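See below for my_file01.pdb, which holds PDB, C-alpha atoms.
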```
ATOM      1  CA  MET M   1      -1.416  -8.947 -37.511
ATOM      2  CA  THR M   2       0.746  -5.823 -37.782
ATOM      3  CA  PRO M   3       1.723  -3.414 -34.966
ATOM      4  CA  LYS M   4      -0.610  -0.855 -36.521
ATOM      5  CA  ASN M   5      -3.521  -3.308 -36.306
ATOM      6  CA  VAL M   6      -2.767  -4.043 -32.659
ATOM      7  CA  GLU M   7      -2.482  -0.369 -31.808
ATOM      8  CA  SER M   8      -5.800   0.385 -33.480
ATOM      9  CA  ILE M   9      -7.757  -2.548 -32.082
ATOM     10  CA  GLU M  10      -6.517  -2.435 -28.530
ATOM     11  CA  SER M  11      -6.114   1.371 -28.176
ATOM     12  CA  LEU M  12      -2.684   0.796 -26.734
ATOM     13  CA  GLY M  13      -1.507   4.380 -26.611
ATOM     14  CA  GLU M  14      -0.296   7.247 -28.674
ATOM     15  CA  GLY M  15       2.785   9.407 -28.940
ATOM     16  CA  GLU M  16       6.279   8.446 -27.854
ATOM     17  CA  ASP M  17       5.090   5.491 -25.720
ATOM     18  CA  ALA M  18       3.021   3.880 -28.498
ATOM     19  CA  GLU M  19       5.871   1.691 -29.764
ATOM     20  CA  TYR M  20       6.498   0.372 -26.251
ATOM     21  CA  HIS M  21       2.811  -0.498 -25.811
ATOM     22  CA  VAL M  22       2.584  -2.239 -29.185
ATOM     23  CA  ASP M  23       5.724  -4.319 -28.579
ATOM     24  CA  GLU M  24       4.436  -5.374 -25.181
ATOM     25  CA  ALA M  25       1.018  -6.251 -26.627
ATOM     26  CA  LEU M  26       2.569  -8.403 -29.348
ATOM     27  CA  GLU M  27       4.573 -10.262 -26.703
ATOM     28  CA  ARG M  28       1.438 -10.864 -24.628
ATOM     29  CA  MET M  29      -0.407 -11.964 -27.777
ATOM     30  CA  ALA M  30       2.249 -14.580 -28.539
ATOM     31  CA  GLU M  31       1.942 -15.889 -24.978
ATOM     32  CA  ALA M  32      -1.858 -16.009 -25.314
ATOM     33  CA  ILE M  33      -1.622 -18.009 -28.564
ATOM     34  CA  LEU M  34       0.760 -20.489 -26.942
ATOM     35  CA  LEU M  35      -1.518 -20.955 -23.928
ATOM     36  CA  LEU M  36      -4.537 -21.325 -26.193
ATOM     37  CA  LYS M  37      -2.759 -24.041 -28.201
ATOM     38  CA  LEU M  38      -1.945 -25.872 -24.971
ATOM     39  CA  LEU M  39      -5.628 -25.758 -24.007
ATOM     40  CA  GLU M  40      -6.575 -27.120 -27.434
ATOM     41  CA  THR M  41      -4.263 -30.113 -27.000
ATOM     42  CA  SER M  42      -6.036 -30.957 -23.763
ATOM     43  CA  SER M  43      -9.702 -31.784 -23.339
ATOM     44  CA  PHE M  44     -10.558 -28.269 -22.161
ATOM     45  CA  PHE M  45     -12.832 -27.250 -25.045
ATOM     46  CA  GLU M  46     -14.577 -30.631 -25.155
ATOM     47  CA  THR M  47     -15.623 -30.221 -21.533
ATOM     48  CA  LEU M  48     -16.238 -26.464 -21.645
ATOM     49  CA  PRO M  49     -19.529 -25.929 -19.768
ATOM     50  CA  ILE M  50     -20.417 -22.578 -21.390
ATOM     51  CA  LYS M  51     -21.189 -22.531 -25.119
ATOM     52  CA  ASN M  52     -21.953 -19.594 -27.316
ATOM     53  CA  TRP M  53     -25.656 -18.825 -26.844
ATOM     54  CA  GLU M  54     -26.237 -17.557 -30.373
ATOM     55  CA  VAL M  55     -25.226 -20.753 -32.168
ATOM     56  CA  ALA M  56     -26.108 -24.379 -31.534
ATOM     57  CA  PRO M  57     -23.490 -25.967 -29.209
ATOM     58  CA  ALA M  58     -22.639 -28.667 -31.723
ATOM     59  CA  ASP M  59     -22.031 -26.168 -34.503
ATOM     60  CA  ALA M  60     -18.422 -25.807 -35.634
ATOM     61  CA  GLN M  61     -18.824 -22.041 -35.618
ATOM     62  CA  SER M  62     -19.772 -22.201 -31.944
ATOM     63  CA  LYS M  63     -16.580 -24.074 -31.087
ATOM     64  CA  GLU M  64     -14.534 -21.512 -32.970
ATOM     65  CA  LEU M  65     -16.246 -18.673 -31.121
ATOM     66  CA  ASP M  66     -15.449 -20.416 -27.840
ATOM     67  CA  ARG M  67     -11.779 -20.562 -28.799
ATOM     68  CA  LEU M  68     -11.723 -16.920 -29.818
ATOM     69  CA  PHE M  69     -13.500 -15.913 -26.621
ATOM     70  CA  ILE M  70     -11.101 -17.856 -24.356
ATOM     71  CA  GLY M  71      -8.102 -16.633 -26.352
ATOM     72  CA  HIS M  72      -9.233 -13.031 -25.932
ATOM     73  CA  LEU M  73      -9.676 -13.542 -22.179
ATOM     74  CA  ILE M  74      -6.167 -14.986 -21.893
ATOM     75  CA  PHE M  75      -4.723 -12.069 -23.866
ATOM     76  CA  PHE M  76      -6.657  -9.508 -21.839
ATOM     77  CA  HIS M  77      -5.509 -10.898 -18.488
ATOM     78  CA  LEU M  78      -1.902 -11.275 -19.643
ATOM     79  CA  LYS M  79      -1.945  -7.648 -20.808
ATOM     80  CA  THR M  80      -3.333  -6.359 -17.513
ATOM     81  CA  MET M  81      -1.719  -8.870 -15.176
ATOM     82  CA  SER M  82       1.343  -6.800 -14.303
ATOM     83  CA  GLY M  83      -0.857  -4.266 -12.524
ATOM     84  CA  GLN M  84      -3.223  -6.764 -10.901
ATOM     85  CA  VAL M  85      -0.846  -9.268  -9.339
ATOM     86  CA  PHE M  86      -0.121  -9.037  -5.630
ATOM     87  CA  GLU M  87       2.474 -11.047  -3.773
ATOM     88  CA  ILE M  88       1.310 -13.608  -1.205
ATOM     89  CA  PRO M  89       4.079 -13.622   1.410
ATOM     90  CA  CYS M  90       4.710 -15.854   4.390
ATOM     91  CA  LYS M  91       6.667 -15.200   7.579
ATOM     92  CA  ILE M  92       9.202 -17.790   8.764
ATOM     93  CA  VAL M  93      10.056 -17.365  12.446
ATOM     94  CA  LYS M  94      12.861 -19.298  14.123
ATOM     95  CA  LYS M  95      12.443 -20.094  17.818
ATOM     96  CA  ASN M  96       9.803 -17.388  18.207
ATOM     97  CA  GLN M  97      12.332 -14.691  17.292
ATOM     98  CA  PHE M  98       9.955 -12.362  15.442
ATOM     99  CA  ALA M  99      12.640  -9.707  15.047
ATOM    100  CA  GLU M 100      14.573 -12.088  12.800
ATOM    101  CA  ALA M 101      11.578 -13.313  10.816
ATOM    102  CA  ALA M 102      12.259 -13.998   7.148
ATOM    103  CA  THR M 103       9.714 -13.386   4.424
ATOM    104  CA  VAL M 104       9.254 -15.884   1.623
ATOM    105  CA  THR M 105       6.851 -15.692  -1.296
ATOM    106  CA  LEU M 106       4.205 -18.399  -1.484
ATOM    107  CA  GLY M 107       2.921 -17.173  -4.821
ATOM    108  CA  PHE M 108       0.967 -14.381  -6.438
ATOM    109  CA  GLY M 109      -2.721 -13.590  -6.496
ATOM    110  CA  LEU M 110      -4.690 -11.846  -9.240
ATOM    111  CA  PHE M 111      -6.976  -9.203  -7.704
ATOM    112  CA  PRO M 112      -8.376  -6.982 -10.511
ATOM    113  CA  ARG M 113     -10.627  -4.905  -8.238
ATOM    114  CA  LEU M 114      -7.648  -3.530  -6.331
ATOM    115  CA  THR M 115      -6.327  -1.960  -9.508
ATOM    116  CA  PHE M 116      -9.262   0.451  -9.508
ATOM    117  CA  ILE M 117      -7.503   2.118  -6.537
ATOM    118  CA  ASN M 118      -4.939   4.696  -7.619
ATOM    119  CA  HIS M 119      -1.314   4.768  -6.550
ATOM    120  CA  SER M 120       0.366   7.098  -4.061
ATOM    121  CA  CYS M 121       3.940   6.978  -2.805
ATOM    122  CA  PHE M 122       2.511   7.740   0.657
ATOM    123  CA  SER M 123      -0.679   5.710   0.489
ATOM    124  CA  ASN M 124      -3.424   5.677   3.115
ATOM    125  CA  LEU M 125      -4.380   2.029   2.519
ATOM    126  CA  HIS M 126      -2.383  -1.099   3.265
ATOM    127  CA  VAL M 127      -3.086  -4.263   1.279
ATOM    128  CA  SER M 128      -2.577  -7.683   2.873
ATOM    129  CA  THR M 129      -2.894 -10.964   1.014
ATOM    130  CA  ALA M 130      -3.156 -14.500   2.371
ATOM    131  CA  ALA M 131      -2.641 -18.000   1.023
ATOM    132  CA  ASN M 132      -6.378 -18.740   1.277
ATOM    133  CA  GLY M 133      -7.113 -16.150  -1.410
ATOM    134  CA  GLU M 134      -8.221 -13.373   0.913
ATOM    135  CA  VAL M 135      -7.104  -9.805   0.390
ATOM    136  CA  VAL M 136      -7.703  -7.031   2.914
ATOM    137  CA  ALA M 137      -7.240  -3.278   2.446
ATOM    138  CA  ARG M 138      -6.990  -1.334   5.720
ATOM    139  CA  ILE M 139      -7.019   2.425   6.252
ATOM    140  CA  VAL M 140      -3.720   3.321   7.892
ATOM    141  CA  TYR M 141      -4.513   6.766   9.282
ATOM    142  CA  PRO M 142      -7.612   8.988   9.343
ATOM    143  CA  VAL M 143      -8.753  10.315   5.975
ATOM    144  CA  LYS M 144     -10.750  13.472   5.392
ATOM    145  CA  ASP M 145     -14.126  13.762   3.677
ATOM    146  CA  ASN M 146     -13.811  13.268  -0.086
ATOM    147  CA  GLN M 147     -10.131  12.336   0.249
ATOM    148  CA  GLU M 148      -9.041   9.710  -2.257
ATOM    149  CA  LEU M 149      -8.074   6.255  -0.961
ATOM    150  CA  THR M 150      -4.758   5.089  -2.411
ATOM    151  CA  ILE M 151      -2.433   2.105  -2.322
ATOM    152  CA  SER M 152       1.230   1.726  -3.209
ATOM    153  CA  TYR M 153       1.961  -0.118  -6.451
ATOM    154  CA  GLY M 154       5.454  -0.906  -5.176
ATOM    155  CA  ASP M 155       8.848   0.017  -6.559
ATOM    156  CA  ILE M 156       8.360  -1.608  -9.967
ATOM    157  CA  GLY M 157       8.763   0.791 -12.871
ATOM    158  CA  TRP M 158       5.342   1.906 -14.082
ATOM    159  CA  ASP M 159       4.522   3.650 -17.318
ATOM    160  CA  PHE M 160       3.066   6.827 -15.799
ATOM    161  CA  ALA M 161       4.290   9.967 -14.099
ATOM    162  CA  CYS M 162       3.230   9.876 -10.430
ATOM    163  CA  GLU M 163       1.450  13.056  -9.330
ATOM    164  CA  CYS M 164       0.837  12.161  -5.678
ATOM    165  CA  GLN M 165       1.528  14.712  -2.935
ATOM    166  CA  ALA M 166       4.908  13.209  -2.086
ATOM    167  CA  CYS M 167       6.087  13.478  -5.703
ATOM    168  CA  THR M 168       4.639  16.898  -6.537
ATOM    169  CA  GLU M 169       6.095  18.364  -3.324
ATOM    170  CA  ASN M 170       9.372  16.452  -3.759
ATOM    171  CA  TRP M 171       9.327  14.731  -0.371
ATOM    172  CA  PRO M 172      12.631  13.145   0.692
ATOM    173  CA  LEU M 173      12.989   9.435   1.374
ATOM    174  CA  ALA M 174      12.414   8.341   4.974
ATOM    175  CA  TRP M 175      16.111   8.152   5.896
ATOM    176  CA  ASP M 176      16.699  11.642   4.486
ATOM    177  CA  MET M 177      13.819  13.295   6.358
ATOM    178  CA  ASN M 178      14.366  15.936   8.984
ATOM    179  CA  GLN M 179      14.127  14.103  12.307
ATOM    180  CA  ASP M 180      13.062  17.169  14.275
ATOM    181  CA  LEU M 181       9.447  17.419  15.356
ATOM    182  CA  GLU M 182       7.567  19.795  13.078
ATOM    183  CA  LEU M 183       4.020  20.490  14.210
ATOM    184  CA  CYS M 184       1.091  22.186  12.527
ATOM    185  CA  CYS M 185      -2.468  23.042  13.463
ATOM    186  CA  PRO M 186      -4.674  20.014  12.668
ATOM    187  CA  SER M 187      -7.495  22.345  11.657
ATOM    188  CA  CYS M 188      -5.785  24.781   9.249
ATOM    189  CA  THR M 189      -2.232  23.285   8.934
ATOM    190  CA  THR M 190      -0.562  26.503  10.130
ATOM    191  CA  PRO M 191       3.044  25.656  11.183
ATOM    192  CA  LEU M 192       3.608  25.795  14.958
ATOM    193  CA  PRO M 193       6.857  26.570  16.854
ATOM    194  CA  THR M 194       7.337  23.090  18.306
ATOM    195  CA  GLU M 195       9.513  23.740  21.357
ATOM    196  CA  GLU M 196       7.570  26.852  22.325
ATOM    197  CA  VAL M 197       4.263  24.985  22.027
ATOM    198  CA  ILE M 198       5.471  21.991  24.032
ATOM    199  CA  ASP M 199       6.884  24.315  26.695
ATOM    200  CA  ARG M 200       3.530  26.101  26.977
ATOM    201  CA  VAL M 201       1.386  23.021  27.395
ATOM    202  CA  THR M 202       3.772  21.300  29.824
ATOM    203  CA  THR M 203       3.792  24.374  32.086
ATOM    204  CA  GLY M 204       0.002  24.492  32.298
ATOM    205  CA  ASN M 205      -0.734  27.060  29.587
ATOM    206  CA  THR M 206      -3.146  26.707  26.709
ATOM    207  CA  CYS M 207      -2.199  26.568  23.047
ATOM    208  CA  ILE M 208      -4.538  28.315  20.618
ATOM    209  CA  CYS M 209      -3.815  28.419  16.883
ATOM    210  CA  PRO M 210      -3.116  32.059  15.924
ATOM    211  CA  THR M 211      -4.791  31.544  12.534
ATOM    212  CA  CYS M 212      -8.021  29.615  13.185
ATOM    213  CA  GLU M 213      -8.128  29.857  17.035
ATOM    214  CA  HIS M 214      -8.342  26.078  17.311
ATOM    215  CA  ASP M 215      -7.641  24.931  20.890
ATOM    216  CA  GLN M 216      -5.225  22.008  20.699
ATOM    217  CA  THR M 217      -3.986  21.973  24.289
ATOM    218  CA  GLN M 218      -5.241  18.483  25.146
ATOM    219  CA  VAL M 219      -3.869  16.733  22.079
ATOM    220  CA  LEU M 220      -0.514  18.488  22.544
ATOM    221  CA  LEU M 221      -0.375  17.346  26.157
ATOM    222  CA  GLU M 222      -0.868  13.775  24.986
ATOM    223  CA  LEU M 223       1.762  14.269  22.306
ATOM    224  CA  ALA M 224       4.240  15.682  24.828
ATOM    225  CA  ASP M 225       3.759  12.564  26.940
ATOM    226  CA  GLU M 226       4.733  10.478  23.893
ATOM    227  CA  PHE M 227       8.002  12.292  23.211
ATOM    228  CA  LEU M 228       9.236  13.941  26.412
ATOM    229  CA  SER M 229      11.394  12.247  29.005
ATOM    230  CA  THR M 230      10.119  11.690  32.528
ATOM    231  CA  ASP M 231      11.514  15.053  33.676
ATOM    232  CA  ASN M 232       9.724  16.868  30.827
ATOM    233  CA  LYS M 233      12.963  17.919  29.150
ATOM    234  CA  LEU M 234      13.582  17.892  25.449
ATOM    235  CA  SER M 235      15.843  15.100  24.276
ATOM    236  CA  SER M 236      18.235  17.720  22.867
ATOM    237  CA  SER M 237      18.613  21.472  23.075
ATOM    238  CA  THR M 238      17.173  22.034  19.615
ATOM    239  CA  ALA M 239      14.848  19.166  18.809
ATOM    240  CA  LEU M 240      12.858  16.238  20.056
ATOM    241  CA  PHE M 241      14.135  12.940  18.760
ATOM    242  CA  PRO M 242      10.966  11.566  17.172
ATOM    243  CA  ILE M 243      10.686   8.031  18.531
ATOM    244  CA  PRO M 244       7.314   7.943  20.326
ATOM    245  CA  LYS M 245       6.960   5.776  23.416
ATOM    246  CA  SER M 246       4.025   3.928  21.877
ATOM    247  CA  TYR M 247       6.267   2.920  18.966
ATOM    248  CA  GLN M 248       8.831   1.419  21.344
ATOM    249  CA  LYS M 249       6.102  -0.511  23.175
ATOM    250  CA  SER M 250       4.557  -1.640  19.918
ATOM    251  CA  TYR M 251       7.940  -2.819  18.656
ATOM    252  CA  LYS M 252       8.372  -4.992  21.748
ATOM    253  CA  LEU M 253       4.875  -6.415  21.408
ATOM    254  CA  LEU M 254       5.458  -7.354  17.781
ATOM    255  CA  PHE M 255       9.049  -8.548  17.677
ATOM    256  CA  VAL M 256       9.593  -9.783  21.238
ATOM    257  CA  SER M 257       6.194 -10.963  22.400
ATOM    258  CA  GLY M 258       4.842 -11.878  18.984
ATOM    259  CA  ARG M 259       1.539 -10.011  19.444
ATOM    260  CA  PRO M 260       0.918  -8.194  16.145
ATOM    261  CA  GLU M 261      -2.737  -7.357  16.915
ATOM    262  CA  ALA M 262      -1.843  -5.514  20.120
ATOM    263  CA  ALA M 263       1.090  -3.790  18.426
ATOM    264  CA  ALA M 264      -1.117  -2.693  15.523
ATOM    265  CA  HIS M 265      -3.748  -1.318  17.907
ATOM    266  CA  MET M 266      -1.088   0.818  19.606
ATOM    267  CA  MET M 267       0.181   2.235  16.304
ATOM    268  CA  GLU M 268      -3.364   2.828  15.057
ATOM    269  CA  SER M 269      -4.099   4.814  18.209
ATOM    270  CA  PHE M 270      -0.957   6.929  17.759
ATOM    271  CA  LEU M 271      -1.721   7.712  14.113
ATOM    272  CA  THR M 272      -5.404   8.422  14.817
ATOM    273  CA  LYS M 273      -4.526  10.956  17.510
ATOM    274  CA  PHE M 274      -1.526  12.697  16.012
ATOM    275  CA  SER M 275      -1.216  12.172  12.240
ATOM    276  CA  SER M 276      -2.944  15.499  11.473
ATOM    277  CA  LEU M 277      -0.746  17.354  13.986
ATOM    278  CA  PHE M 278       2.537  16.798  12.133
ATOM    279  CA  LYS M 279       3.760  18.853   9.214
ATOM    280  CA  MET M 280       4.289  16.486   6.301
ATOM    281  CA  PRO M 281       6.597  14.945   5.336
ATOM    282  CA  SER M 282       7.068  13.715   8.886
ATOM    283  CA  TYR M 283       9.623  11.201  10.104
ATOM    284  CA  PRO M 284       7.518  10.109  13.132
ATOM    285  CA  ILE M 285       4.441   9.493  10.964
ATOM    286  CA  THR M 286       6.495   7.644   8.344
ATOM    287  CA  LEU M 287       8.089   5.545  11.092
ATOM    288  CA  ALA M 288       4.733   4.706  12.697
ATOM    289  CA  THR M 289       3.129   3.932   9.328
ATOM    290  CA  THR M 290       5.943   1.578   8.324
ATOM    291  CA  HIS M 291       5.718  -0.232  11.643
ATOM    292  CA  LEU M 292       1.945  -0.548  11.284
ATOM    293  CA  PHE M 293       2.504  -2.140   7.854
ATOM    294  CA  ASN M 294       4.737  -4.732   9.539
ATOM    295  CA  CYS M 295       2.040  -5.439  12.121
ATOM    296  CA  TYR M 296      -0.585  -5.948   9.422
ATOM    297  CA  ASN M 297       1.737  -8.246   7.484
ATOM    298  CA  PHE M 298       2.138 -10.488  10.533
ATOM    299  CA  MET M 299      -1.583 -10.390  11.294
ATOM    300  CA  HIS M 300      -2.860 -11.434   7.883
ATOM    301  CA  ASN M 301      -0.068 -13.572   6.459
ATOM    302  CA  ASN M 302       0.690 -17.120   7.422
ATOM    303  CA  VAL M 303       3.360 -17.480  10.092
ATOM    304  CA  PHE M 304       5.357 -20.678  10.282
ATOM    305  CA  PHE M 305       7.661 -21.503  13.150
ATOM    306  CA  ASP M 306      10.930 -23.168  12.257
ATOM    307  CA  ASP M 307      12.622 -24.804  15.241
TER     308      ASP M 307
END
```

Could you express the structure from this file as structure tokens?
Amino acid sequence: MTPKNVESIESLGEGEDAEYHVDEALERMAEAILLLKLLETSSFFETLPIKNWEVAPADAQSKELDRLFIGHLIFFHLKTMSGQVFEIPCKIVKKNQFAEAATVTLGFGLFPRLTFINHSCFSNLHVSTAANGEVVARIVYPVKDNQELTISYGDIGWDFACECQACTENWPLAWDMNQDLELCCPSCTTPLPTEEVIDRVTTGNTCICPTCEHDQTQVLLELADEFLSTDNKLSSSTALFPIPKSYQKSYKLLFVSGRPEAAAHMMESFLTKFSSLFKMPSYPITLATTHLFNCYNFMHNNVFFDD
């Protein structure tokens, strides 16, 4: 079997990446042959319940077809495994101190259906796996009609150029984001002068979008309650420091009280109400989304207490 044969049979790619694909395929093929030989030394094929339906089960040709079929399956899954494997983590909590919980890996699960979901660096789905083989994908914040559902493939190097919104618009990393509140109209995404808008709604005035005339007074009042101090003053002369009150409460519920479901419900409520009101990229939305991921991880993964 030559690299040219492999490239032709498996359609492994063209152009400058073809050599990489062929080399990787040959490596996976060698692994598949080794695993197939190990199966042959065991009693696997003698007890194989499914025989080729075109040839009599006792026929030597049938046994050879079984081996070729199993070998092809092994090769196929080895070749696609890197994109279908998801970590199965576990939380280790000492003396109920959830804030200091350590994460260990129990193993990895192969979930091919999840790979039909495309990647985004700011995904709207969170994937949780459990030791019992369950996998759950949850919508993190409201999605619009016909909007694509995406997951994050992680920080492993992938052989494609990401064209998600965060990459095409060159979003900064979370710790480099502007921490001022930047609002926009949830209906038409027109940027809004944050301090002026907050000042209007907190003094009893209405706020109507100058572009689409969308009345957003009520949602802005609720938002102001999340970010303003008790005396309705901005946390600084130029900006609101974007740590919503619901985030602080959710943090305490998760890491102090150990109640991830209640903490997740609080973050879900915040994102449902306000995610469309922030100009992206948004530090508050990124912060809330990350915290919601932590809540989901505690909810779905096994938690062991180490005294």

Legend entry - Minimum-distance residue to His300 of chain M, chosen among M:Ala130, M:Ala101, M:Ala174, M:Leu149 (using all atoms listed in the file):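 Of the candidates, the smallest distance to His300 of chain M is held by M:Ala130.
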
Inset, instruction - Have a look at M:Gln165, M:Thr115, M:Gln97, M:Ser187 and name the one nearest to Met81 of chain M; count only C-alpha atoms. - result: M:Thr115

Legend entry - Among listed residues M:Val219, M:Leu78, M:Ala102, M:Val136, nearest Glu24 of chain M (using all atoms listed in the file):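 Counting all atoms listed in the file, the residue closest to Glu24 of chain M is M:Leu78.
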
Inset, instruction - Using all atoms listed in the file, pick whichever of M:Leu65, M:Leu73, M:Ala131, M:Cys207 has the shortest atom-to-atom distance to Ile33 of chain M. - result: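 Of M:Leu65, M:Leu73, M:Ala131, M:Cys207, the one nearest Ile33 of chain M, counting all atoms listed in the file, is M:Leu73.
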
Legend entry - M:Val135, M:Ala224, M:Val140, M:Ala264 ranked by distance to Gly109 of chain M, top pick (using only C-alpha atoms):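 Among M:Val135, M:Ala224, M:Val140, M:Ala264, it is M:Val135 that comes nearest to Gly109 of chain M.
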